[in-house]
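> Next comes the structure file protein-v2.txt, holding compact mmCIF, C-alpha atoms.
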# COMPACT_ATOMS: atom_id res chain seq x y z
CA MET A 828 0.00 0.00 0.00
CA LYS A 829 1.35 3.41 -0.94
CA ILE A 830 1.83 5.81 1.93
CA GLY A 831 -0.21 8.46 0.10
CA LYS A 832 -3.30 6.22 0.28
CA LEU A 833 -3.09 5.77 4.04
CA ASN A 834 -5.01 7.99 6.42
CA LEU A 835 -3.01 10.41 8.52
CA SER A 836 -2.67 8.06 11.52
CA GLY A 837 -1.61 5.20 9.27
CA ARG A 838 1.01 7.36 7.63
CA ARG A 839 2.39 8.42 11.01
CA ILE A 840 2.68 4.83 12.25
CA LEU A 841 4.29 3.66 9.01
CA MET A 842 6.73 6.57 9.07
CA SER A 843 7.65 5.73 12.69
CA LEU A 844 8.27 2.06 11.94
CA CYS A 845 10.22 2.76 8.75
CA GLY A 846 12.16 5.58 10.34
CA VAL A 847 13.36 3.51 13.29
CA ALA A 848 14.19 0.53 11.05
CA VAL A 849 16.15 2.77 8.66
CA CYS A 850 18.03 4.31 11.59
CA ALA A 851 18.95 0.88 12.90
CA VAL A 852 20.29 -0.23 9.51
CA ALA A 853 22.24 3.03 9.24
CA VAL A 854 23.90 2.45 12.62
CA GLY A 855 25.05 -0.95 11.35
CA PHE A 856 26.79 0.75 8.41
CA PHE A 857 28.15 3.35 10.79
CA LYS A 858 29.74 0.73 13.04
CA LYS A 859 31.16 -1.21 10.09
CA ALA A 860 32.84 1.96 8.84
CA ALA A 861 34.80 2.09 12.15
CA PHE A 862 35.46 5.83 12.06
CA GLY A 863 34.10 6.57 15.53
CA VAL A 864 30.61 6.16 16.93
CA ASP A 865 27.81 8.71 17.10
CA PRO A 866 27.88 11.30 19.93
CA PHE A 867 25.45 9.49 22.25
CA GLN A 868 27.41 6.25 21.93
CA SER A 869 30.58 8.24 22.68
CA LEU A 870 29.03 9.17 26.01
CA MET A 871 28.01 5.56 26.60
CA SER A 872 31.57 4.38 25.87
CA GLY A 873 32.91 6.76 28.51
CA LEU A 874 30.33 5.70 31.09
CA ASP A 875 31.08 2.06 30.33
CA GLN A 876 34.72 2.68 31.26
CA LEU A 877 33.78 4.48 34.48
CA ILE A 878 30.91 2.38 35.80
CA PRO A 879 31.70 -1.30 36.49
CA ILE A 880 28.43 -2.89 35.41
CA PRO A 881 27.50 -4.76 32.19
CA PHE A 882 27.04 -2.43 29.24
CA GLY A 883 23.51 -3.69 28.51
CA THR A 884 22.40 -2.86 32.04
CA LEU A 885 24.13 0.52 31.89
CA TYR A 886 22.41 1.33 28.59
CA VAL A 887 19.00 0.57 30.08
CA ILE A 888 19.72 2.71 33.15
CA VAL A 889 20.88 5.72 31.11
CA ASN A 890 17.88 5.51 28.81
CA ALA A 891 15.57 5.14 31.81
CA VAL A 892 16.99 8.38 33.21
CA LEU A 893 16.48 10.12 29.86
CA LEU A 894 12.96 8.69 29.68
CA LEU A 895 12.31 10.25 33.09
CA PHE A 896 13.38 13.59 31.60
CA SER A 897 10.68 13.24 28.95
CA LEU A 898 8.07 12.16 31.50
CA ILE A 899 8.76 15.30 33.53
CA PHE A 900 9.27 17.93 30.86
CA ASN A 901 7.65 16.75 27.63
CA ARG A 902 5.53 13.59 27.65
CA HIS A 903 4.45 14.39 24.11
CA ASN A 904 7.78 12.92 22.93
CA ILE A 905 6.93 9.47 24.31
CA GLY A 906 5.11 7.15 21.95
CA ILE A 907 5.33 4.08 19.75
CA ALA A 908 8.67 5.10 18.24
CA THR A 909 10.20 5.56 21.71
CA PHE A 910 9.61 1.94 22.64
CA ILE A 911 10.46 0.64 19.18
CA ASN A 912 13.83 2.33 19.67
CA LEU A 913 14.27 0.76 23.08
CA PHE A 914 13.39 -2.80 22.13
CA LEU A 915 14.08 -3.24 18.39
CA LEU A 916 16.78 -0.84 17.24
CA GLY A 917 19.61 -2.81 18.83
CA TYR A 918 18.55 -6.11 17.27
CA ILE A 919 18.16 -4.64 13.77
CA THR A 920 21.56 -2.98 14.08
CA GLN A 921 23.10 -6.26 15.23
CA PHE A 922 21.57 -8.11 12.26
CA THR A 923 22.78 -5.46 9.79
CA LEU A 924 26.31 -5.50 11.18
CA ALA A 925 26.43 -9.30 11.13
CA ALA A 926 25.30 -9.31 7.48
CA LEU A 927 27.95 -6.76 6.52
CA ASP A 928 30.59 -8.80 8.36
CA ARG A 929 29.64 -11.85 6.31
CA TRP A 930 29.53 -10.04 2.97
CA ILE A 931 32.55 -7.77 3.45
CA PRO A 932 34.62 -9.05 6.39
CA GLU A 933 37.59 -6.71 5.77
CA PRO A 934 36.44 -3.65 3.79
CA ALA A 935 38.98 -1.47 2.02
CA LEU A 936 39.40 2.12 3.16
CA TRP A 937 37.24 3.53 0.35
CA ILE A 938 34.44 1.11 1.25
CA ARG A 939 34.61 2.18 4.88
CA VAL A 940 34.37 5.83 3.79
CA LEU A 941 31.37 4.90 1.62
CA PHE A 942 29.73 3.07 4.54
CA LEU A 943 30.25 6.15 6.74
CA ALA A 944 28.65 8.45 4.17
CA VAL A 945 25.72 6.08 3.60
CA GLY A 946 25.29 5.56 7.34
CA ILE A 947 25.14 9.27 8.16
CA LEU A 948 22.82 10.10 5.27
CA VAL A 949 20.39 7.24 5.95
CA LEU A 950 20.47 7.88 9.70
CA CYS A 951 19.37 11.47 9.12
CA VAL A 952 16.58 10.41 6.75
CA GLY A 953 15.31 7.83 9.24
CA SER A 954 15.49 10.30 12.12
CA ALA A 955 13.52 12.87 10.12
CA LEU A 956 10.82 10.30 9.33
CA TYR A 957 10.14 9.05 12.83
CA MET A 958 10.63 12.39 14.56
CA THR A 959 8.25 14.22 12.19
CA ALA A 960 5.71 11.37 12.43
CA ASP A 961 5.23 12.62 16.01
CA MET A 962 4.64 9.14 17.44
CA GLY A 963 7.44 9.49 19.98
CA VAL A 964 11.19 9.80 19.62
CA SER A 965 14.23 8.21 21.23
CA THR A 966 15.03 9.32 24.76
CA TYR A 967 18.13 11.18 23.57
CA ASP A 968 16.39 12.93 20.67
CA SER A 969 13.76 14.14 23.11
CA ILE A 970 16.25 16.41 24.85
CA ALA A 971 17.00 18.63 21.84
CA ILE A 972 13.35 18.62 20.74
CA THR A 973 12.18 19.74 24.19
CA MET A 974 14.76 22.51 24.32
CA ALA A 975 13.81 23.76 20.85
CA ASP A 976 10.04 23.30 20.72
CA LYS A 977 8.95 23.67 24.34
CA TRP A 978 11.62 25.75 26.03
CA LYS A 979 12.26 27.86 22.87
CA LEU A 980 16.01 28.00 23.47
CA GLY A 981 16.85 28.09 19.77
CA LYS A 982 16.51 26.23 16.50
CA PHE A 983 16.57 22.43 16.70
CA GLN A 984 19.58 21.98 14.42
CA TYR A 985 21.78 24.23 16.56
CA ILE A 986 20.61 22.76 19.85
CA ARG A 987 21.25 19.27 18.46
CA ILE A 988 24.81 20.28 17.57
CA THR A 989 25.28 21.54 21.14
CA THR A 990 23.93 18.39 22.80
CA ASP A 991 26.00 16.19 20.49
CA VAL A 992 29.20 18.09 21.25
CA CYS A 993 28.45 17.89 24.98
CA CYS A 994 28.01 14.12 24.69
CA VAL A 995 31.36 13.71 22.93
CA VAL A 996 33.28 15.93 25.36
CA LEU A 997 31.63 14.37 28.41
CA GLY A 998 32.25 10.89 27.02
CA ILE A 999 35.98 11.58 26.66
CA VAL A 1000 36.24 13.18 30.12
CA VAL A 1001 34.37 10.34 31.82
CA PHE A 1002 36.43 7.77 29.91
CA LEU A 1003 39.70 9.32 31.14
CA ILE A 1004 38.40 9.68 34.71
CA GLY A 1005 37.53 6.00 34.59
CA GLY A 1006 41.17 5.14 33.86
CA GLY A 1007 40.98 4.93 30.08
CA ALA A 1008 44.09 5.85 28.08
CA TRP A 1009 44.23 8.69 25.55
CA ALA A 1010 45.42 6.17 22.96
CA ARG A 1011 42.05 4.39 23.18
CA VAL A 1012 39.90 7.48 22.64
CA PRO A 1013 39.93 7.07 18.81
CA GLU A 1014 38.13 3.76 19.31
CA PHE A 1015 34.92 5.66 19.96
CA VAL A 1016 35.64 9.26 18.88
CA GLY A 1017 36.72 9.76 15.28
CA PRO A 1018 35.85 11.52 12.02
CA GLY A 1019 32.38 9.95 12.00
CA THR A 1020 31.70 11.34 15.47
CA VAL A 1021 32.73 14.86 14.45
CA ILE A 1022 30.63 14.73 11.28
CA THR A 1023 27.52 13.57 13.10
CA ALA A 1024 28.03 16.07 15.92
CA PHE A 1025 28.12 19.06 13.58
CA PHE A 1026 25.97 17.99 10.64
CA MET A 1027 23.23 15.61 11.85
CA GLY A 1028 21.05 18.41 13.23
CA PRO A 1029 21.02 20.46 10.02
CA LEU A 1030 20.68 17.33 7.86
CA ILE A 1031 17.72 16.04 9.87
CA GLU A 1032 16.03 19.42 9.48
CA PHE A 1033 16.77 19.37 5.73
CA PHE A 1034 15.09 15.97 5.32
CA ASN A 1035 12.24 17.10 7.57
CA VAL A 1036 11.47 19.87 5.09
CA ARG A 1037 12.14 17.89 1.91
CA ILE A 1038 10.71 14.46 2.74
CA ALA A 1039 9.06 13.96 6.14
CA ARG A 1040 6.75 16.96 6.44
CA PRO A 1041 5.37 16.67 2.88
CA LEU A 1042 4.30 13.10 3.73
CA LEU A 1043 2.06 14.47 6.48
CA LYS A 1044 -0.02 16.85 4.40
CA SER A 1045 -3.74 16.91 5.15
CA GLU A 1046 -5.66 13.73 4.38
CA LYS A 1047 -7.76 15.81 2.00
CA GLN A 1048 -4.73 16.30 -0.20
CA SER A 1049 -3.82 12.59 -0.35
Let me see the structure of the file written as structure tokens.

Amino acid sequence: MKIGKLNLSGRRILMSLCGVAVCAVAVGFFKKAAFGVDPFQSLMSGLDQLIPIPFGTLYVIVNAVLLLFSLIFNRHNIGIATFINLFLLGYITQFTLAALDRWIPEPALWIRVLFLAVGILVLCVGSALYMTADMGVSTYDSIAITMADKWKLGKFQYIRITTDVCCVVLGIVVFLIGGGAWARVPEFVGPGTVITAFFMGPLIEFFNVRIARPLLKSEKQS
């Protein structure tokens, strides 16, 4: 069924599901590129070095804290997509990465660069789809959206750059406090991290305008 033939609610749900799935696939490409992880995962890498508990448990705790932020300040951001992110994104990413490992176990440098470009581009498209669908967002995305839309602190793309940079810096600081060596920092902070920190916000907004918002025109126009 074409998305244009769905009613508005159906389009929103489909956009949420597709957006999260696309994001998960993109993260798989991102990891295979091995040029540094995204800003939020940079923070998680630092916390993993500092806090001596299993990473899976730590990830749940951090996201639970961020979910509490949304519950207090902007419950509108909690919805289907929020829980799809929590329970499905990791598995889809794992499947994508495993498939890439089987098909291209040792990619050449140019392939890794291509994977990075594809990963960033597709991640921004997927984020635009599920965020604009307004059926909930990830706990991390909710922070920038709340600051921009509810607290009116500035445009989303610039606030997203700020929160991403804070995640990267805090991740490095926490990693070093936890006893990590400077030589290991490039394992989770690299060119891909810098690109996503400074360009994901503007790119998401670009795809919001060009793709996501046009899909949510009035039912009367579909």
> Could you give me, as CSV, every range 892-942 of chain A residue with an atom at most 12 Å from range 976-980 of chain A, plus its closest atom pair and distance in Å to one decimal, counting all atoms listed in the file, rows ordered by chain then number?

residue,atom,partner,partner_atom,distance
A:Ser897,CA,A:Lys977,CA,11.5
A:Phe900,CA,A:Lys977,CA,8.7
A:Asn901,CA,A:Lys977,CA,7.8
A:Arg902,CA,A:Lys977,CA,11.1
A:His903,CA,A:Lys977,CA,10.3
A:Asn904,CA,A:Asp976,CA,10.9
> If we count all atoms listed in the file, what is near range 991-1005 of chain A at a cut-off of 7 Å, once residues fewer than 2 positions away on the same chain are taken out, given as a ChimeraX atom specification?
/A:866-867,869-874,876-877,987-989,1007-1008,1012,1024
> Based on the selection just made, write C-alpha atoms of those residues as a PDB file, in the coordinates of the input.

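Below is the file that was written, out_22.pdb:
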ATOM      1  CA  PRO A 866      27.880  11.300  19.930  1.00  0.00           C
ATOM      2  CA  PHE A 867      25.450   9.490  22.250  1.00  0.00           C
ATOM      3  CA  SER A 869      30.580   8.240  22.680  1.00  0.00           C
ATOM      4  CA  LEU A 870      29.030   9.170  26.010  1.00  0.00           C
ATOM      5  CA  MET A 871      28.010   5.560  26.600  1.00  0.00           C
ATOM      6  CA  SER A 872      31.570   4.380  25.870  1.00  0.00           C
ATOM      7  CA  GLY A 873      32.910   6.760  28.510  1.00  0.00           C
ATOM      8  CA  LEU A 874      30.330   5.700  31.090  1.00  0.00           C
ATOM      9  CA  GLN A 876      34.720   2.680  31.260  1.00  0.00           C
ATOM     10  CA  LEU A 877      33.780   4.480  34.480  1.00  0.00           C
ATOM     11  CA  ARG A 987      21.250  19.270  18.460  1.00  0.00           C
ATOM     12  CA  ILE A 988      24.810  20.280  17.570  1.00  0.00           C
ATOM     13  CA  THR A 989      25.280  21.540  21.140  1.00  0.00           C
ATOM     14  CA  GLY A1007      40.980   4.930  30.080  1.00  0.00           C
ATOM     15  CA  ALA A1008      44.090   5.850  28.080  1.00  0.00           C
ATOM     16  CA  VAL A1012      39.900   7.480  22.640  1.00  0.00           C
ATOM     17  CA  ALA A1024      28.030  16.070  15.920  1.00  0.00           C
TER      18      ALA A1024
END
> Residues within 6 Å of range 1035-1044 of chain A, please, as a PDB file with C-alpha atoms, in the frame of the given file. Count only C-alpha atoms; anything in the same chain fewer than 2 positions from it doesn't count.

ATOM      1  CA  ALA A 955      13.520  12.870  10.120  1.00  0.00           C
ATOM      2  CA  LEU A 956      10.820  10.300   9.330  1.00  0.00           C
ATOM      3  CA  GLU A1032      16.030  19.420   9.480  1.00  0.00           C
ATOM      4  CA  PHE A1033      16.770  19.370   5.730  1.00  0.00           C
TER       5      PHE A1033
END
> Quick one: everything within 8 Å of Cys845 in chain A, counting all atoms listed in the file, minus sequence neighbours fewer than 2 positions away in the same chain. Send it as a PyMOL selection string.
chain A and resi 841-843+847-849+953+956-957
> Pick from A:Pro932, A:Gly855, A:Ile970, A:Arg839: nearest to Asn890 in chain A, with all atoms listed in the file counted?
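The closest residue to Asn890 in chain A is A:Ile970.
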> May I ask which of the residues A:Leu941, A:Val949, A:Val887, A:Val892 is the closest one to Phe914 in chain A, counting all atoms listed in the file?
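Among the listed residues, the smallest separation from Phe914 in chain A belongs to A:Val887.
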> Would you list the residues near (6.9, 2.5, 21.8) (no more than 12 Å away, in the coordinates of the file, using only C-alpha atoms) as a VMD selection string?
chain A and resid 840 843 to 844 847 894 904 to 916 957 961 to 966
> With C-alpha atoms retained, could you export that selection as a short mmCIF file (atom, residue, chain, number, x, y, z; two decimals), in the frame of the given file?

data_model
loop_
_atom_site.label_atom_id
_atom_site.label_comp_id
_atom_site.auth_asym_id
_atom_site.auth_seq_id
_atom_site.Cartn_x
_atom_site.Cartn_y
_atom_site.Cartn_z
CA ILE A 840 2.68 4.83 12.25
CA SER A 843 7.65 5.73 12.69
CA LEU A 844 8.27 2.06 11.94
CA VAL A 847 13.36 3.51 13.29
CA LEU A 894 12.96 8.69 29.68
CA ASN A 904 7.78 12.92 22.93
CA ILE A 905 6.93 9.47 24.31
CA GLY A 906 5.11 7.15 21.95
CA ILE A 907 5.33 4.08 19.75
CA ALA A 908 8.67 5.10 18.24
CA THR A 909 10.20 5.56 21.71
CA PHE A 910 9.61 1.94 22.64
CA ILE A 911 10.46 0.64 19.18
CA ASN A 912 13.83 2.33 19.67
CA LEU A 913 14.27 0.76 23.08
CA PHE A 914 13.39 -2.80 22.13
CA LEU A 915 14.08 -3.24 18.39
CA LEU A 916 16.78 -0.84 17.24
CA TYR A 957 10.14 9.05 12.83
CA ASP A 961 5.23 12.62 16.01
CA MET A 962 4.64 9.14 17.44
CA GLY A 963 7.44 9.49 19.98
CA VAL A 964 11.19 9.80 19.62
CA SER A 965 14.23 8.21 21.23
CA THR A 966 15.03 9.32 24.76
#
> Starting from the incomplete input, reconstruct N, CA and C atoms of range 1004-1017 of chain A and write that as a compact mmCIF listing (two decimals), keeping the file's coordinate frame.

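So rebuild.txt came out as:
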# COMPACT_ATOMS: atom_id res chain seq x y z
N ILE A 1004 38.57 9.78 33.26
CA ILE A 1004 38.40 9.68 34.71
C ILE A 1004 38.31 8.22 35.14
N GLY A 1005 37.68 7.41 34.28
CA GLY A 1005 37.53 6.00 34.59
C GLY A 1005 38.80 5.18 34.38
N GLY A 1006 39.89 5.84 34.02
CA GLY A 1006 41.17 5.14 33.86
C GLY A 1006 41.51 4.78 32.43
N GLY A 1007 40.69 5.21 31.48
CA GLY A 1007 40.98 4.93 30.08
C GLY A 1007 42.18 5.73 29.59
N ALA A 1008 42.90 5.18 28.62
CA ALA A 1008 44.09 5.85 28.08
C ALA A 1008 43.73 6.70 26.87
N TRP A 1009 44.46 7.81 26.69
CA TRP A 1009 44.23 8.69 25.55
C TRP A 1009 44.32 7.91 24.24
N ALA A 1010 45.20 6.94 24.19
CA ALA A 1010 45.42 6.17 22.96
C ALA A 1010 44.17 5.40 22.54
N ARG A 1011 43.26 5.16 23.48
CA ARG A 1011 42.05 4.39 23.18
C ARG A 1011 40.87 5.27 22.80
N VAL A 1012 41.01 6.58 22.97
CA VAL A 1012 39.90 7.48 22.64
C VAL A 1012 39.44 7.36 21.19
N PRO A 1013 40.37 7.22 20.21
CA PRO A 1013 39.93 7.07 18.81
C PRO A 1013 39.06 5.85 18.54
N GLU A 1014 38.99 4.92 19.49
CA GLU A 1014 38.13 3.76 19.31
C GLU A 1014 36.66 4.16 19.27
N PHE A 1015 36.33 5.26 19.95
CA PHE A 1015 34.92 5.66 19.96
C PHE A 1015 34.69 7.12 19.53
N VAL A 1016 35.76 7.89 19.38
CA VAL A 1016 35.64 9.26 18.88
C VAL A 1016 36.55 9.42 17.68
N GLY A 1017 35.94 9.64 16.51
CA GLY A 1017 36.72 9.76 15.28
C GLY A 1017 36.04 10.69 14.30
